[in-house]
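Enquirer: Okay, so here is data-v7.cif, and as you'll see once you scroll down, it has mmCIF, C-alpha atoms.
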data_data
loop_
_atom_site.group_PDB
_atom_site.id
_atom_site.type_symbol
_atom_site.label_atom_id
_atom_site.label_comp_id
_atom_site.auth_asym_id
_atom_site.auth_seq_id
_atom_site.Cartn_x
_atom_site.Cartn_y
_atom_site.Cartn_z
ATOM 1 C CA MET A 1 -8.486 0.503 15.946
ATOM 2 C CA GLU A 2 -4.827 0.281 14.977
ATOM 3 C CA ILE A 3 -2.804 3.137 13.505
ATOM 4 C CA GLY A 4 -0.037 2.407 11.017
ATOM 5 C CA TYR A 5 2.483 4.326 8.957
ATOM 6 C CA LYS A 6 2.911 4.396 5.184
ATOM 7 C CA LEU A 7 6.415 3.735 3.901
ATOM 8 C CA SER A 8 6.149 5.653 0.635
ATOM 9 C CA SER A 9 8.620 4.034 -1.753
ATOM 10 C CA GLU A 10 7.789 6.611 -4.410
ATOM 11 C CA GLU A 11 9.119 9.451 -2.245
ATOM 12 C CA HIS A 12 11.952 7.925 -0.199
ATOM 13 C CA GLY A 13 15.069 5.935 -0.946
ATOM 14 C CA PRO A 14 15.794 2.530 0.602
ATOM 15 C CA ARG A 15 17.952 3.719 3.505
ATOM 16 C CA ASP A 16 15.394 6.340 4.512
ATOM 17 C CA LEU A 17 12.565 3.800 4.331
ATOM 18 C CA VAL A 18 14.418 1.544 6.766
ATOM 19 C CA ARG A 19 15.057 4.482 9.106
ATOM 20 C CA TYR A 20 11.407 5.562 8.946
ATOM 21 C CA ALA A 21 10.220 2.039 9.731
ATOM 22 C CA ARG A 22 12.317 2.094 12.898
ATOM 23 C CA GLN A 23 11.046 5.563 13.812
ATOM 24 C CA ALA A 24 7.434 4.500 13.214
ATOM 25 C CA GLU A 25 7.897 1.635 15.666
ATOM 26 C CA GLU A 26 9.442 3.970 18.239
ATOM 27 C CA ALA A 27 6.663 6.561 17.790
ATOM 28 C CA GLY A 28 3.927 4.045 18.582
ATOM 29 C CA PHE A 29 2.641 2.963 15.164
ATOM 30 C CA SER A 30 1.732 -0.725 15.273
ATOM 31 C CA PHE A 31 2.132 -1.554 11.586
ATOM 32 C CA ALA A 32 3.398 -0.193 8.294
ATOM 33 C CA LEU A 33 2.454 -0.567 4.654
ATOM 34 C CA ILE A 34 5.244 -0.246 2.092
ATOM 35 C CA SER A 35 4.383 0.514 -1.523
ATOM 36 C CA ASP A 36 5.634 -1.750 -4.314
ATOM 37 C CA HIS A 37 6.124 0.218 -7.541
ATOM 38 C CA PHE A 38 8.489 0.086 -10.504
ATOM 39 C CA HIS A 39 7.911 3.821 -11.139
ATOM 40 C CA PRO A 40 6.841 6.678 -8.876
ATOM 41 C CA TRP A 41 3.533 8.322 -9.745
ATOM 42 C CA ILE A 42 5.230 11.536 -10.868
ATOM 43 C CA ASP A 43 8.886 12.309 -11.543
ATOM 44 C CA ALA A 44 9.003 14.840 -8.693
ATOM 45 C CA GLN A 45 8.573 12.013 -6.178
ATOM 46 C CA GLY A 46 11.855 10.681 -7.459
ATOM 47 C CA GLU A 47 12.237 7.178 -5.949
ATOM 48 C CA SER A 48 11.181 3.579 -6.469
ATOM 49 C CA PRO A 49 13.427 0.992 -4.771
ATOM 50 C CA PHE A 50 12.819 -2.754 -5.056
ATOM 51 C CA VAL A 51 10.525 -3.491 -2.145
ATOM 52 C CA TRP A 52 11.772 -7.009 -1.388
ATOM 53 C CA GLY A 53 15.303 -5.784 -0.758
ATOM 54 C CA VAL A 54 14.046 -3.022 1.518
ATOM 55 C CA LEU A 55 11.911 -5.486 3.488
ATOM 56 C CA GLY A 56 14.973 -7.538 4.347
ATOM 57 C CA ALA A 57 16.638 -4.489 5.866
ATOM 58 C CA ILE A 58 13.450 -3.492 7.718
ATOM 59 C CA ALA A 59 13.277 -6.970 9.224
ATOM 60 C CA GLU A 60 16.642 -6.374 10.888
ATOM 61 C CA ALA A 61 15.942 -2.761 11.899
ATOM 62 C CA THR A 62 12.636 -3.406 13.699
ATOM 63 C CA GLU A 63 11.435 -5.782 16.397
ATOM 64 C CA ASP A 64 7.671 -5.510 16.798
ATOM 65 C CA LEU A 65 6.402 -3.484 13.826
ATOM 66 C CA ARG A 66 4.109 -5.493 11.544
ATOM 67 C CA VAL A 67 4.882 -4.755 7.903
ATOM 68 C CA GLY A 68 2.919 -5.473 4.744
ATOM 69 C CA THR A 69 3.187 -4.589 1.090
ATOM 70 C CA GLY A 70 0.741 -1.881 0.199
ATOM 71 C CA VAL A 71 0.317 -3.303 -2.358
ATOM 72 C CA THR A 72 2.104 -5.809 -4.597
ATOM 73 C CA CYS A 73 0.743 -6.657 -8.039
ATOM 74 C CA PRO A 74 1.356 -10.419 -8.513
ATOM 75 C CA THR A 75 0.026 -10.658 -12.060
ATOM 76 C CA ILE A 76 2.131 -9.219 -14.913
ATOM 77 C CA ARG A 77 5.497 -7.685 -14.059
ATOM 78 C CA ILE A 78 6.297 -10.459 -11.562
ATOM 79 C CA HIS A 79 4.846 -13.975 -11.787
ATOM 80 C CA PRO A 80 2.846 -15.042 -8.720
ATOM 81 C CA ALA A 81 5.211 -17.978 -8.099
ATOM 82 C CA ILE A 82 8.070 -15.500 -7.595
ATOM 83 C CA ILE A 83 5.905 -13.347 -5.335
ATOM 84 C CA ALA A 84 5.083 -16.467 -3.331
ATOM 85 C CA GLN A 85 8.793 -17.132 -2.792
ATOM 86 C CA ALA A 86 9.597 -13.484 -1.993
ATOM 87 C CA ALA A 87 6.744 -13.177 0.504
ATOM 88 C CA ALA A 88 7.646 -16.495 2.127
ATOM 89 C CA THR A 89 11.185 -15.209 2.679
ATOM 90 C CA ALA A 90 9.858 -11.952 4.152
ATOM 91 C CA GLY A 91 7.607 -13.989 6.417
ATOM 92 C CA ALA A 92 10.572 -16.069 7.572
ATOM 93 C CA LEU A 93 12.562 -12.904 8.308
ATOM 94 C CA MET A 94 9.656 -11.345 10.237
ATOM 95 C CA PRO A 95 7.865 -14.274 11.896
ATOM 96 C CA GLY A 96 4.242 -13.407 12.572
ATOM 97 C CA ARG A 97 4.640 -9.786 11.548
ATOM 98 C CA PHE A 98 4.734 -9.753 7.740
ATOM 99 C CA PHE A 99 1.616 -9.731 5.571
ATOM 100 C CA LEU A 100 1.246 -9.657 1.807
ATOM 101 C CA GLY A 101 -0.965 -6.945 0.360
ATOM 102 C CA VAL A 102 -1.945 -7.621 -3.250
ATOM 103 C CA GLY A 103 -3.797 -5.646 -5.904
ATOM 104 C CA SER A 104 -4.594 -5.714 -9.603
ATOM 105 C CA GLY A 105 -1.919 -3.135 -10.398
ATOM 106 C CA GLU A 106 -1.448 -0.061 -12.544
ATOM 107 C CA HIS A 107 -0.383 0.387 -16.158
ATOM 108 C CA LEU A 108 2.353 2.655 -14.765
ATOM 109 C CA ASN A 109 4.260 -0.333 -13.383
ATOM 110 C CA GLU A 110 3.052 -3.395 -15.235
ATOM 111 C CA HIS A 111 3.834 -2.366 -18.841
ATOM 112 C CA VAL A 112 7.611 -2.228 -18.398
ATOM 113 C CA LEU A 113 8.338 -5.663 -19.898
ATOM 114 C CA GLY A 114 6.177 -4.951 -22.943
ATOM 115 C CA ASP A 115 3.193 -6.986 -21.762
ATOM 116 C CA ARG A 116 -0.353 -6.093 -22.738
ATOM 117 C CA TRP A 117 -2.320 -4.107 -20.153
ATOM 118 C CA PRO A 118 -5.703 -5.894 -19.961
ATOM 119 C CA GLU A 119 -9.070 -4.438 -19.066
ATOM 120 C CA ALA A 120 -10.132 -4.193 -15.432
ATOM 121 C CA SER A 121 -12.251 -7.362 -15.296
ATOM 122 C CA VAL A 122 -9.365 -9.446 -16.652
ATOM 123 C CA ARG A 123 -6.916 -7.883 -14.201
ATOM 124 C CA ILE A 124 -9.150 -8.832 -11.287
ATOM 125 C CA GLU A 125 -9.494 -12.357 -12.674
ATOM 126 C CA MET A 126 -5.693 -12.588 -12.933
ATOM 127 C CA MET A 127 -5.293 -11.367 -9.364
ATOM 128 C CA ALA A 128 -7.693 -14.030 -8.098
ATOM 129 C CA GLU A 129 -5.782 -16.792 -9.876
ATOM 130 C CA ALA A 130 -2.477 -15.360 -8.629
ATOM 131 C CA ILE A 131 -3.712 -15.604 -5.027
ATOM 132 C CA GLU A 132 -4.587 -19.248 -5.635
ATOM 133 C CA VAL A 133 -1.072 -19.917 -6.992
ATOM 134 C CA ILE A 134 0.559 -18.216 -4.013
ATOM 135 C CA ARG A 135 -1.473 -20.160 -1.473
ATOM 136 C CA LEU A 136 -0.801 -23.426 -3.338
ATOM 137 C CA LEU A 137 2.963 -22.915 -3.168
ATOM 138 C CA TRP A 138 2.786 -21.935 0.491
ATOM 139 C CA GLU A 139 1.370 -25.387 1.248
ATOM 140 C CA GLY A 140 4.869 -26.783 0.702
ATOM 141 C CA GLY A 141 5.950 -29.721 -1.375
ATOM 142 C CA LEU A 142 6.180 -30.023 -5.137
ATOM 143 C CA LYS A 143 3.318 -28.189 -6.838
ATOM 144 C CA SER A 144 2.000 -27.619 -10.343
ATOM 145 C CA HIS A 145 -0.726 -25.307 -11.595
ATOM 146 C CA HIS A 146 -2.152 -25.069 -15.106
ATOM 147 C CA GLY A 147 -4.651 -22.245 -15.123
ATOM 148 C CA LYS A 148 -6.122 -19.718 -17.501
ATOM 149 C CA HIS A 149 -3.419 -17.113 -16.887
ATOM 150 C CA TYR A 150 -0.539 -18.891 -15.112
ATOM 151 C CA THR A 151 1.454 -22.085 -15.371
ATOM 152 C CA VAL A 152 3.592 -23.496 -12.591
ATOM 153 C CA GLU A 153 5.394 -26.786 -13.116
ATOM 154 C CA ASN A 154 7.112 -28.847 -10.443
ATOM 155 C CA ALA A 155 7.832 -25.888 -8.166
ATOM 156 C CA ARG A 156 8.587 -26.057 -4.471
ATOM 157 C CA ILE A 157 9.314 -23.259 -2.034
ATOM 158 C CA TYR A 158 11.768 -24.664 0.486
ATOM 159 C CA SER A 159 12.171 -21.634 2.786
ATOM 160 C CA LEU A 160 8.711 -21.250 4.277
ATOM 161 C CA PRO A 161 7.759 -19.452 7.492
ATOM 162 C CA GLU A 162 6.112 -21.504 10.239
ATOM 163 C CA ARG A 163 2.853 -19.678 9.525
ATOM 164 C CA SER A 164 1.880 -18.372 6.106
ATOM 165 C CA PRO A 165 1.507 -14.594 5.861
ATOM 166 C CA GLU A 166 -1.958 -13.114 5.685
ATOM 167 C CA ILE A 167 -3.016 -11.967 2.223
ATOM 168 C CA ILE A 168 -4.728 -8.578 2.296
ATOM 169 C CA VAL A 169 -6.468 -7.705 -0.974
ATOM 170 C CA ALA A 170 -6.806 -4.172 -2.340
ATOM 171 C CA ALA A 171 -10.190 -3.068 -3.628
ATOM 172 C CA GLY A 172 -11.416 0.151 -5.167
ATOM 173 C CA GLY A 173 -14.749 -1.277 -6.293
ATOM 174 C CA PRO A 174 -17.203 -4.117 -5.609
ATOM 175 C CA ASP A 175 -15.617 -6.675 -7.980
ATOM 176 C CA ALA A 176 -12.214 -6.554 -6.290
ATOM 177 C CA ALA A 177 -13.920 -6.412 -2.873
ATOM 178 C CA LYS A 178 -15.696 -9.670 -3.761
ATOM 179 C CA VAL A 179 -12.333 -11.323 -4.500
ATOM 180 C CA ALA A 180 -11.006 -9.950 -1.221
ATOM 181 C CA GLY A 181 -13.923 -11.488 0.636
ATOM 182 C CA GLU A 182 -13.653 -14.847 -1.113
ATOM 183 C CA LEU A 183 -9.886 -15.327 -1.239
ATOM 184 C CA GLY A 184 -8.241 -12.784 1.074
ATOM 185 C CA ASP A 185 -7.605 -12.582 4.772
ATOM 186 C CA GLY A 186 -8.516 -8.893 4.811
ATOM 187 C CA LEU A 187 -9.181 -5.794 2.719
ATOM 188 C CA VAL A 188 -7.256 -2.615 1.982
ATOM 189 C CA SER A 189 -8.671 0.487 0.297
ATOM 190 C CA THR A 190 -7.860 4.160 -0.136
ATOM 191 C CA GLY A 191 -11.161 5.900 0.621
ATOM 192 C CA PRO A 192 -13.727 5.832 3.447
ATOM 193 C CA ASP A 193 -16.193 3.853 1.327
ATOM 194 C CA GLU A 194 -18.695 1.790 3.303
ATOM 195 C CA GLU A 195 -19.910 0.059 0.134
ATOM 196 C CA ILE A 196 -16.488 -1.548 -0.376
ATOM 197 C CA ILE A 197 -16.677 -3.021 3.112
ATOM 198 C CA LYS A 198 -20.235 -4.247 2.522
ATOM 199 C CA ALA A 199 -19.181 -6.032 -0.687
ATOM 200 C CA PHE A 200 -16.220 -7.598 1.128
ATOM 201 C CA LYS A 201 -18.371 -8.905 3.968
ATOM 202 C CA LYS A 202 -21.141 -10.076 1.622
ATOM 203 C CA ALA A 203 -18.558 -12.267 -0.120
ATOM 204 C CA GLY A 204 -17.588 -13.850 3.181
ATOM 205 C CA GLY A 205 -14.788 -11.535 4.279
ATOM 206 C CA ASN A 206 -14.314 -11.119 8.017
ATOM 207 C CA GLY A 207 -10.667 -10.062 8.394
ATOM 208 C CA PRO A 208 -8.967 -6.753 9.145
ATOM 209 C CA LEU A 209 -9.985 -3.675 7.167
ATOM 210 C CA TYR A 210 -7.046 -1.488 6.149
ATOM 211 C CA ALA A 211 -7.217 2.009 4.678
ATOM 212 C CA GLU A 212 -4.622 4.576 3.694
ATOM 213 C CA VAL A 213 -5.152 8.086 5.071
ATOM 214 C CA GLN A 214 -3.386 10.932 3.259
ATOM 215 C CA VAL A 215 -1.967 13.740 5.429
ATOM 216 C CA CYS A 216 0.694 16.396 5.273
ATOM 217 C CA TYR A 217 1.944 17.859 8.518
ATOM 218 C CA ALA A 218 3.722 21.236 8.159
ATOM 219 C CA ASP A 219 3.932 24.445 10.193
ATOM 220 C CA SER A 220 1.030 25.931 8.211
ATOM 221 C CA LYS A 221 -1.881 24.554 6.257
ATOM 222 C CA GLN A 222 -0.885 26.526 3.174
ATOM 223 C CA LYS A 223 2.629 25.075 3.236
ATOM 224 C CA ALA A 224 1.224 21.571 3.655
ATOM 225 C CA LEU A 225 -1.084 21.968 0.670
ATOM 226 C CA GLN A 226 1.802 23.297 -1.407
ATOM 227 C CA ILE A 227 3.919 20.264 -0.514
ATOM 228 C CA ALA A 228 1.055 17.930 -1.378
ATOM 229 C CA LYS A 229 0.501 19.619 -4.739
ATOM 230 C CA GLU A 230 4.186 19.261 -5.593
ATOM 231 C CA GLN A 231 4.726 15.752 -4.222
ATOM 232 C CA TRP A 232 1.428 13.858 -4.228
ATOM 233 C CA PRO A 233 -1.141 15.404 -6.618
ATOM 234 C CA ASN A 234 -2.194 11.900 -7.664
ATOM 235 C CA MET A 235 -4.267 11.693 -4.474
ATOM 236 C CA ALA A 236 -6.897 13.807 -6.230
ATOM 237 C CA MET A 237 -6.972 11.735 -9.442
ATOM 238 C CA GLY A 238 -10.173 9.767 -9.058
ATOM 239 C CA GLY A 239 -11.855 7.000 -11.020
ATOM 240 C CA GLN A 240 -9.882 4.665 -13.281
ATOM 241 C CA LEU A 241 -7.267 7.285 -14.155
ATOM 242 C CA GLY A 242 -4.849 5.995 -11.532
ATOM 243 C CA GLN A 243 -4.755 2.571 -13.186
ATOM 244 C CA GLU A 244 -4.556 3.535 -16.843
ATOM 245 C CA LEU A 245 -1.728 6.048 -17.417
ATOM 246 C CA ALA A 246 1.598 4.522 -18.417
ATOM 247 C CA LEU A 247 4.250 7.084 -17.443
ATOM 248 C CA PRO A 248 5.033 9.418 -14.547
ATOM 249 C CA SER A 249 5.168 12.272 -17.068
ATOM 250 C CA LEU A 250 1.513 11.634 -17.955
ATOM 251 C CA TYR A 251 0.475 11.837 -14.304
ATOM 252 C CA SER A 252 2.492 15.057 -14.049
ATOM 253 C CA ALA A 253 0.568 16.478 -17.000
ATOM 254 C CA VAL A 254 -2.749 15.683 -15.332
ATOM 255 C CA ALA A 255 -1.442 17.147 -12.060
ATOM 256 C CA GLU A 256 -1.123 20.568 -13.683
ATOM 257 C CA HIS A 257 -4.937 20.783 -13.597
ATOM 258 C CA ILE A 258 -5.261 19.824 -9.926
ATOM 259 C CA THR A 259 -5.741 22.654 -7.452
ATOM 260 C CA GLU A 260 -5.000 22.866 -3.760
ATOM 261 C CA GLU A 261 -8.758 22.933 -3.217
ATOM 262 C CA ASP A 262 -9.022 19.532 -4.945
ATOM 263 C CA LEU A 263 -6.357 18.162 -2.625
ATOM 264 C CA GLU A 264 -7.950 19.568 0.514
ATOM 265 C CA GLU A 265 -10.945 17.317 -0.028
ATOM 266 C CA SER A 266 -8.729 14.231 -0.050
ATOM 267 C CA GLY A 267 -6.703 14.504 3.156
ATOM 268 C CA SER A 268 -5.670 16.420 6.269
ATOM 269 C CA PHE A 269 -3.165 19.265 6.078
ATOM 270 C CA GLY A 270 -1.249 21.501 8.454
ATOM 271 C CA PRO A 271 -0.381 21.613 12.172
ATOM 272 C CA ASP A 272 -3.843 21.238 13.770
ATOM 273 C CA PRO A 273 -4.043 17.816 15.451
ATOM 274 C CA GLU A 274 -7.839 17.975 15.515
ATOM 275 C CA GLU A 275 -7.974 18.148 11.708
ATOM 276 C CA HIS A 276 -5.815 15.038 11.486
ATOM 277 C CA ILE A 277 -7.920 13.233 14.075
ATOM 278 C CA GLU A 278 -11.123 14.185 12.261
ATOM 279 C CA GLY A 279 -9.738 12.868 8.970
ATOM 280 C CA ILE A 280 -8.767 9.565 10.557
ATOM 281 C CA LYS A 281 -12.156 9.188 12.222
ATOM 282 C CA LYS A 282 -13.906 9.445 8.829
ATOM 283 C CA PHE A 283 -12.302 6.134 7.926
ATOM 284 C CA ALA A 284 -13.029 4.626 11.326
ATOM 285 C CA ASP A 285 -16.662 5.682 11.073
ATOM 286 C CA ALA A 286 -16.882 3.973 7.675
ATOM 287 C CA GLY A 287 -15.799 0.740 9.355
ATOM 288 C CA PHE A 288 -12.044 0.504 8.761
ATOM 289 C CA ASP A 289 -10.086 -0.734 11.769
ATOM 290 C CA HIS A 290 -6.450 -0.486 10.530
ATOM 291 C CA LEU A 291 -5.662 3.061 9.421
ATOM 292 C CA CYS A 292 -2.334 3.715 7.721
ATOM 293 C CA ILE A 293 -1.122 7.334 7.793
ATOM 294 C CA HIS A 294 0.779 8.581 4.772
ATOM 295 C CA GLN A 295 2.787 11.715 5.556
ATOM 296 C CA ILE A 296 3.342 13.397 2.188
ATOM 297 C CA GLY A 297 6.683 15.007 1.457
ATOM 298 C CA PRO A 298 10.204 14.956 2.876
ATOM 299 C CA ASP A 299 9.442 16.163 6.422
ATOM 300 C CA GLN A 300 9.055 12.832 8.191
ATOM 301 C CA ASP A 301 10.953 13.574 11.424
ATOM 302 C CA PRO A 302 8.647 16.417 12.587
ATOM 303 C CA PHE A 303 5.656 14.321 11.536
ATOM 304 C CA PHE A 304 6.709 11.496 13.862
ATOM 305 C CA GLU A 305 7.087 13.937 16.742
ATOM 306 C CA PHE A 306 3.707 15.547 15.983
ATOM 307 C CA TYR A 307 1.837 12.233 15.835
ATOM 308 C CA ARG A 308 3.628 10.747 18.833
ATOM 309 C CA ASP A 309 2.853 13.737 21.057
ATOM 310 C CA GLN A 310 -0.389 15.221 19.750
ATOM 311 C CA VAL A 311 -2.338 12.746 17.626
ATOM 312 C CA LEU A 312 -1.770 9.124 18.660
ATOM 313 C CA PRO A 313 -2.461 9.724 22.388
ATOM 314 C CA LYS A 314 -5.960 10.939 21.447
ATOM 315 C CA LEU A 315 -6.658 7.926 19.230
ATOM 316 C CA LEU A 316 -5.173 4.949 21.069
#
Represent the structure from my file as structure tokens, please.

Expert:
Amino acid sequence: MEIGYKLSSEEHGPRDLVRYARQAEEAGFSFALISDHFHPWIDAQGESPFVWGVLGAIAEATEDLRVGTGVTCPTIRIHPAIIAQAAATAGALMPGRFFLGVGSGEHLNEHVLGDRWPEASVRIEMMAEAIEVIRLLWEGGLKSHHGKHYTVENARIYSLPERSPEIIVAAGGPDAAKVAGELGDGLVSTGPDEEIIKAFKKAGGNGPLYAEVQVCYADSKQKALQIAKEQWPNMAMGGQLGQELALPSLYSAVAEHITEEDLEESGSFGPDPEEHIEGIKKFADAGFDHLCIHQIGPDQDPFFEFYRDQVLPKLL
């Protein structure tokens, strides 16, 4: 089991994200996932830097930390050919330690150019074709692709890493898990759902299994829950809601109906290391082997100290 750290682009500006990546490496986290959004989930989170610029700085600030996008949508807002070039550059900057996480996206981020937001089955179909385009361009040489959703004509990526990055595919249900198993090098999900893993493996998947674990370390459980309610209430928005709302203000409106009790069911909160360890083990017991810890809120420095001294030694 590997333990990673979530670089939350919705909550932290670019300079802080680079600093936190360095601190995660120093604290003993082996990898990091960095979110790729145009908007934060709610306005209170307050940030959303361009991930590909931040990755360049992280490449220079770290030495061993593996870093992946968690996750990039390569379908609407950015054409998969451009993602292929961006990820190839990141791979060249971080040889052997960059991976590309991809997903089918959210209305929140993908509507900004005025494009239609398609239904879920079409989005998954687009993601599958986008993965094919990315892998085609990573082969090198002049390439063309004329598919159902994407056209690429006489395109060549010249700056390629020696080894292509792994593609880790996000899945919240069996259809996306099937694509992950067929086309991806691994799976990433947000809940301890054994059925997602089963669907991935049934489709031929045998790579690493990533999951994001929501936590909030603070000097009391009540304070931690309060921070989570203010900064990350979207963790308790289940079903398709997280993919369908178009604006941070709409998520904020839904968040008014979320209670601290709702949040408590979705993560680990407070200063008790055993509660954090128990929450992590739920994902490990479900079969995930790469667990990415998302510390909610601004208090990252004490979190690193807490995990370095009291949590990671009991897990690794």

Enquirer: Would you compute the distance between CA of Arg97 (chain A) and CA of Pro40 (chain A)? Give it in Å to one decimal.

Expert: 26.3 Å

Enquirer: Between A:Ala44, A:Ala90, A:Ile196, A:Val169, which residue has the minimum interatomic distance to Ser104 (chain A), considering all atoms listed in the file?

Expert: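 Going through A:Ala44, A:Ala90, A:Ile196, A:Val169 one by one, the smallest distance to Ser104 (chain A) is for A:Val169.
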
Enquirer: Name the closest residue to Ser164 (chain A) among the candidates A:Gly140, A:Pro74, A:Gly279, A:Gly56; distances are taken between atoms, counting all atoms listed in the file.

Expert: A:Gly140

Enquirer: For the interface of region 160-279 of chain A with region 19-39 of chain A (cut-off 9 Å, counting all atoms listed in the file), please tabulate each contacting residue of region 160-279 of chain A alongside its nearest pair of atoms and their separation in Å to one decimal, rows sorted by chain and increasing number, as a tab-separated table.

Expert:
residue	atom	partner	partner_atom	distance
A:Glu212	CA	A:Leu33	CA	8.8
A:Leu247	CA	A:His39	CA	8.0
A:Pro248	CA	A:His39	CA	7.2

Enquirer: Go ahead and save the picked residues with C-alpha atoms, as a short mmCIF file (atom, residue, chain, number, x, y, z; two decimals), in the coordinates of the input.

Expert:
data_model
loop_
_atom_site.label_atom_id
_atom_site.label_comp_id
_atom_site.auth_asym_id
_atom_site.auth_seq_id
_atom_site.Cartn_x
_atom_site.Cartn_y
_atom_site.Cartn_z
CA GLU A 212 -4.62 4.58 3.69
CA LEU A 247 4.25 7.08 -17.44
CA PRO A 248 5.03 9.42 -14.55
#

Enquirer: Do you have the CA of Leu187 (chain A)-CA of Ala130 (chain A) distance handy?

Expert: 16.3 Å

Enquirer: Once the PyMOL selection byres ((chain A and resi 218) around 9) has been evaluated on this model, what residues remain selected, and can you format them as a tab-separated table (two decimals) with C-alpha atoms, keeping the file's coordinate frame?

Expert:
chain	number	residue	atom	x	y	z
A	216	CYS	CA	0.69	16.40	5.27
A	217	TYR	CA	1.94	17.86	8.52
A	219	ASP	CA	3.93	24.44	10.19
A	220	SER	CA	1.03	25.93	8.21
A	221	LYS	CA	-1.88	24.55	6.26
A	222	GLN	CA	-0.88	26.53	3.17
A	223	LYS	CA	2.63	25.08	3.24
A	224	ALA	CA	1.22	21.57	3.66
A	225	LEU	CA	-1.08	21.97	0.67
A	227	ILE	CA	3.92	20.26	-0.51
A	269	PHE	CA	-3.16	19.26	6.08
A	270	GLY	CA	-1.25	21.50	8.45
A	271	PRO	CA	-0.38	21.61	12.17
A	299	ASP	CA	9.44	16.16	6.42
A	302	PRO	CA	8.65	16.42	12.59
A	303	PHE	CA	5.66	14.32	11.54

Enquirer: Take CA of Ala199 (chain A) and CA of Ile124 (chain A) and report the distance between them in Å, one decimal.

Expert: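 Straight-line distance from CA of Ala199 (chain A) to CA of Ile124 (chain A) works out to 14.9 Å.
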
Enquirer: Excluding same-chain residues fewer than 2 positions from Gly147 (chain A), what lies within 12 Å of it counting only C-alpha atoms, as an NGL selection string?

Expert: :A and (125-126 or 128-130 or 132-133 or 144-145 or 149-153)

Enquirer: Box along x, y and z, 5 Å on every side, all listed atoms of region 289-298 of chain A inside: centre and edge lengths in Å to one decimal, as AutoDock Vina command-line options.

Expert:
--center_x 0.1 --center_y 7.1 --center_z 6.6 --size_x 30.3 --size_y 25.7 --size_z 20.3

Enquirer: Could you check the closest approach to Ala228 (chain A) for each of A:Asp262, A:Asp301, A:Asp193, A:Glu274 and tell me which residue wins, using all atoms listed in the file?

Expert: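 The shortest atom-to-atom distance to Ala228 (chain A) comes from A:Asp262.
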
Enquirer: Which residue gives the smallest distance to Ala284 (chain A) among A:Asp64, A:Gly207, A:Pro192, A:Val102, with all atoms listed in the file counted?

Expert: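 Of all the options, A:Pro192 lies closest to Ala284 (chain A).
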
Enquirer: Using only C-alpha atoms, which of the listed residues (A:Asp272, A:Ala211, A:Ser249, A:Val67) sits closest to His294 (chain A)?

Expert: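 Looking at the shortest contact to His294 (chain A), the residue is A:Ala211.
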
Enquirer: Point out the residue among A:Val122, A:Met127, A:Leu136, A:Leu291 with the least atom-to-atom distance to Leu316 (chain A), counting all atoms listed in the file.

Expert: A:Leu291

Enquirer: Give as a PDB file with C-alpha atoms, in the coordinates of the input every residue, naming chains and numbers as the document does, that has an atom within 10 Å of (1.9, 19.0, -7.7), counting all atoms listed in the file.

Expert:
ATOM      1  CA  ILE A  42       5.230  11.536 -10.868  1.00  0.00           C
ATOM      2  CA  ALA A  44       9.003  14.840  -8.693  1.00  0.00           C
ATOM      3  CA  GLN A  45       8.573  12.013  -6.178  1.00  0.00           C
ATOM      4  CA  LEU A 225      -1.084  21.968   0.670  1.00  0.00           C
ATOM      5  CA  GLN A 226       1.802  23.297  -1.407  1.00  0.00           C
ATOM      6  CA  ILE A 227       3.919  20.264  -0.514  1.00  0.00           C
ATOM      7  CA  ALA A 228       1.055  17.930  -1.378  1.00  0.00           C
ATOM      8  CA  LYS A 229       0.501  19.619  -4.739  1.00  0.00           C
ATOM      9  CA  GLU A 230       4.186  19.261  -5.593  1.00  0.00           C
ATOM     10  CA  GLN A 231       4.726  15.752  -4.222  1.00  0.00           C
ATOM     11  CA  TRP A 232       1.428  13.858  -4.228  1.00  0.00           C
ATOM     12  CA  PRO A 233      -1.141  15.404  -6.618  1.00  0.00           C
ATOM     13  CA  ASN A 234      -2.194  11.900  -7.664  1.00  0.00           C
ATOM     14  CA  TYR A 251       0.475  11.837 -14.304  1.00  0.00           C
ATOM     15  CA  SER A 252       2.492  15.057 -14.049  1.00  0.00           C
ATOM     16  CA  ALA A 253       0.568  16.478 -17.000  1.00  0.00           C
ATOM     17  CA  VAL A 254      -2.749  15.683 -15.332  1.00  0.00           C
ATOM     18  CA  ALA A 255      -1.442  17.147 -12.060  1.00  0.00           C
ATOM     19  CA  GLU A 256      -1.123  20.568 -13.683  1.00  0.00           C
ATOM     20  CA  HIS A 257      -4.937  20.783 -13.597  1.00  0.00           C
ATOM     21  CA  ILE A 258      -5.261  19.824  -9.926  1.00  0.00           C
ATOM     22  CA  THR A 259      -5.741  22.654  -7.452  1.00  0.00           C
ATOM     23  CA  GLU A 260      -5.000  22.866  -3.760  1.00  0.00           C
ATOM     24  CA  LEU A 263      -6.357  18.162  -2.625  1.00  0.00           C
TER      25      LEU A 263
END

Enquirer: To verify the selection step, state as number ranges by chain which residues the PyMOL selection byres ((chain A and resi 167) around 6) yields on this input.

Expert: A: 100-101, 166, 168, 184-185

Enquirer: Within 8 Å of Gln214 (chain A), counting all atoms listed in the file, which residues show up once you throw out same-chain ones fewer than 6 positions away? Write them as an mmCIF file with C-alpha atoms, keeping the file's coordinate frame, please.

Expert:
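The resulting file, around_7.cif, is reproduced below:
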data_model
loop_
_atom_site.group_PDB
_atom_site.id
_atom_site.type_symbol
_atom_site.label_atom_id
_atom_site.label_comp_id
_atom_site.auth_asym_id
_atom_site.auth_seq_id
_atom_site.Cartn_x
_atom_site.Cartn_y
_atom_site.Cartn_z
ATOM 1 C CA MET A 235 -4.267 11.693 -4.474
ATOM 2 C CA SER A 266 -8.729 14.231 -0.050
ATOM 3 C CA GLY A 267 -6.703 14.504 3.156
ATOM 4 C CA SER A 268 -5.670 16.420 6.269
ATOM 5 C CA ILE A 293 -1.122 7.334 7.793
ATOM 6 C CA HIS A 294 0.779 8.581 4.772
ATOM 7 C CA GLN A 295 2.787 11.715 5.556
ATOM 8 C CA ILE A 296 3.342 13.397 2.188
#
